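Colleague: Pasting a structure below so you can have a look.
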Amino acid sequence: KIPGMHGNSTKDFVPARPLQEITFMLPRGSSPGIVATRRMDLKATVDPTGAVTRVELISPREEQLVEMASYAASQWKFSPAQANDKPVASAVILHFNFYDSRH
């Protein structure tokens with residue numbers, strides 16, 4: 001169900017889209033084992049201006065990666081979701097895949 005939409009109709013709903021891709025590198029001195037999990041999923045709440053206002057962890061992972069992914073997600077800017085041609089708040093699921101460039 002989409003907030004502000006009557007019934008379950010999604011005909012006039014356009015989801016939020018990222019305006020750019022955010023990438024980040026692990027800081028120097030990070031343990032090589034820190035990326036063993038490889039994937040983390042976060043739920044980001046996007047306001048009607050396209051700004052991320054809240055980040056929630058969906059899949060639990062290593063604390064240091066959660067902190068870095070949450071920071072990266074909060075810097076993302078989105079084209080906000082649209083309902084009936086008006087910008088609305090929405091939530092998006094962000095999938096982070098981590099790679100160790102040392103291997």
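Residue numbers start at 1 in each chain; chains themselves are named A, B, ... in the order of the structure tokens; ligands are numbered from 1 in the order shown.
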Fewer than 3 positions away in the same chain doesn't count, so skip those; otherwise give me all residues within 6 Å of Asp47 of chain A, counting only C-alpha atoms, as a list of chain:residue names.
Modeller: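 Once the nearby chain positions are removed, what remains is A:Gly50, A:Ala51, A:Ala89.
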Colleague: Report as a list of chain:residue names all protein, DNA and RNA residues lying within 9 Å of Ala16 of chain A, evaluated on only C-alpha atoms, omitting residues in the same chain fewer than 4 positions from it.
Modeller: A:Val46, A:Gly50, A:Phe78, A:Ser79, A:Pro80, A:Ala81, A:Gln82, A:Val88, A:Ala89, A:Ser90, A:Ala91, A:Val92
Colleague: Write the residues of the preceding selection, restricted to all heavy atoms, as a compact mmCIF listing (two decimals), in the first residue's frame.
Modeller:
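Wrote it out as selection_5.txt, contents follow:
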```txt
# COMPACT_ATOMS: atom_id res chain seq x y z
N VAL A 46 12.62 8.48 1.73
CA VAL A 46 12.91 9.62 0.86
C VAL A 46 11.75 10.62 0.99
O VAL A 46 10.59 10.25 0.80
CB VAL A 46 13.06 9.16 -0.61
CG1 VAL A 46 13.36 10.35 -1.51
CG2 VAL A 46 14.15 8.11 -0.73
N GLY A 50 13.22 14.64 -2.28
CA GLY A 50 14.20 13.69 -2.78
C GLY A 50 15.34 13.43 -1.82
O GLY A 50 16.26 12.67 -2.13
N PHE A 78 17.62 11.76 -4.46
CA PHE A 78 16.68 11.05 -5.32
C PHE A 78 15.76 12.03 -6.05
O PHE A 78 15.50 13.13 -5.58
CB PHE A 78 15.79 10.13 -4.48
CG PHE A 78 16.49 8.91 -3.99
CD1 PHE A 78 17.34 8.96 -2.90
CD2 PHE A 78 16.29 7.68 -4.60
CE1 PHE A 78 17.99 7.83 -2.44
CE2 PHE A 78 16.93 6.55 -4.15
CZ PHE A 78 17.78 6.62 -3.07
N SER A 79 15.27 11.57 -7.17
CA SER A 79 14.11 12.20 -7.78
C SER A 79 12.96 11.62 -6.98
O SER A 79 12.80 10.40 -6.93
CB SER A 79 14.03 11.79 -9.25
OG SER A 79 12.81 12.20 -9.81
N PRO A 80 12.16 12.46 -6.29
CA PRO A 80 11.17 11.90 -5.38
C PRO A 80 10.08 11.10 -6.10
O PRO A 80 9.85 11.28 -7.29
CB PRO A 80 10.57 13.14 -4.71
CG PRO A 80 10.86 14.27 -5.63
CD PRO A 80 12.11 13.92 -6.36
N ALA A 81 9.45 10.23 -5.34
CA ALA A 81 8.31 9.48 -5.86
C ALA A 81 7.22 10.48 -6.23
O ALA A 81 7.14 11.57 -5.66
CB ALA A 81 7.81 8.49 -4.82
N GLN A 82 6.39 10.10 -7.17
CA GLN A 82 5.29 10.95 -7.60
C GLN A 82 3.99 10.17 -7.46
O GLN A 82 3.93 9.00 -7.84
CB GLN A 82 5.45 11.34 -9.07
CG GLN A 82 6.72 12.12 -9.39
CD GLN A 82 6.55 13.59 -9.13
OE1 GLN A 82 5.54 14.18 -9.47
NE2 GLN A 82 7.57 14.20 -8.54
N VAL A 88 5.85 12.90 -3.42
CA VAL A 88 5.42 12.32 -2.14
C VAL A 88 6.59 11.61 -1.49
O VAL A 88 7.55 11.22 -2.14
CB VAL A 88 4.24 11.32 -2.33
CG1 VAL A 88 2.99 12.03 -2.82
CG2 VAL A 88 4.64 10.18 -3.25
N ALA A 89 6.48 11.45 -0.17
CA ALA A 89 7.48 10.67 0.57
C ALA A 89 7.30 9.20 0.20
O ALA A 89 6.20 8.75 -0.13
CB ALA A 89 7.30 10.87 2.07
N SER A 90 8.37 8.44 0.26
CA SER A 90 8.32 7.02 -0.04
C SER A 90 9.51 6.33 0.62
O SER A 90 10.35 6.97 1.23
CB SER A 90 8.34 6.78 -1.56
OG SER A 90 9.57 7.21 -2.11
N ALA A 91 9.56 5.03 0.47
CA ALA A 91 10.70 4.26 0.97
C ALA A 91 11.27 3.46 -0.17
O ALA A 91 10.54 2.99 -1.05
CB ALA A 91 10.28 3.34 2.11
N VAL A 92 12.59 3.32 -0.19
CA VAL A 92 13.27 2.52 -1.20
C VAL A 92 14.21 1.55 -0.49
O VAL A 92 14.71 1.84 0.59
CB VAL A 92 14.06 3.38 -2.21
CG1 VAL A 92 13.14 4.27 -3.03
CG2 VAL A 92 15.10 4.23 -1.51
```
Colleague: Which one is closest to Leu94 of chain A: A:Val55, A:Trp76, A:Tyr71, A:Lys43? Count only C-alpha atoms.
Modeller: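 Closest candidate: A:Lys43.
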Colleague: Given only C-alpha atoms as the basis, pick out the residue of A:Asp85, A:Gln20, A:Asn97, A:Lys77 nearest to Thr49 of chain A.
Modeller: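 Closest to Thr49 of chain A, using only C-alpha atoms: A:Lys77.
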Colleague: Using only C-alpha atoms for the distances, tell me which of A:Leu42, A:Leu19, A:Val14, A:Ile93 is nearest to Glu67 of chain A.
Modeller: A:Leu42
Colleague: Kindly indicate which residue among A:Ala69, A:Pro18, A:Leu57, A:Phe13 lies nearest to Phe96 of chain A, using only C-alpha atoms for the distances.
Modeller: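 Under the stated criterion, the closest residue is A:Ala69.
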Colleague: If you measure from atom CA of Ser70 of chain A to atom CA of Thr45 of chain A, what distance in Å do you get, rounded to one decimal?
Modeller: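 These two atoms are separated by 11.9 Å.
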Colleague: To one decimal place, how far is atom CA of Met68 of chain A from atom CA of Pro15 of chain A in Å?
Modeller: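 Atom-to-atom, atom CA of Met68 of chain A and atom CA of Pro15 of chain A are spaced 25.0 Å apart.
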Colleague: Could you work out how far atom CA of Arg54 of chain A lies from atom CA of His95 of chain A, giving the answer in Å with one decimal?
Modeller: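 For atom CA of His95 of chain A relative to atom CA of Arg54 of chain A, the distance reads 15.4 Å.
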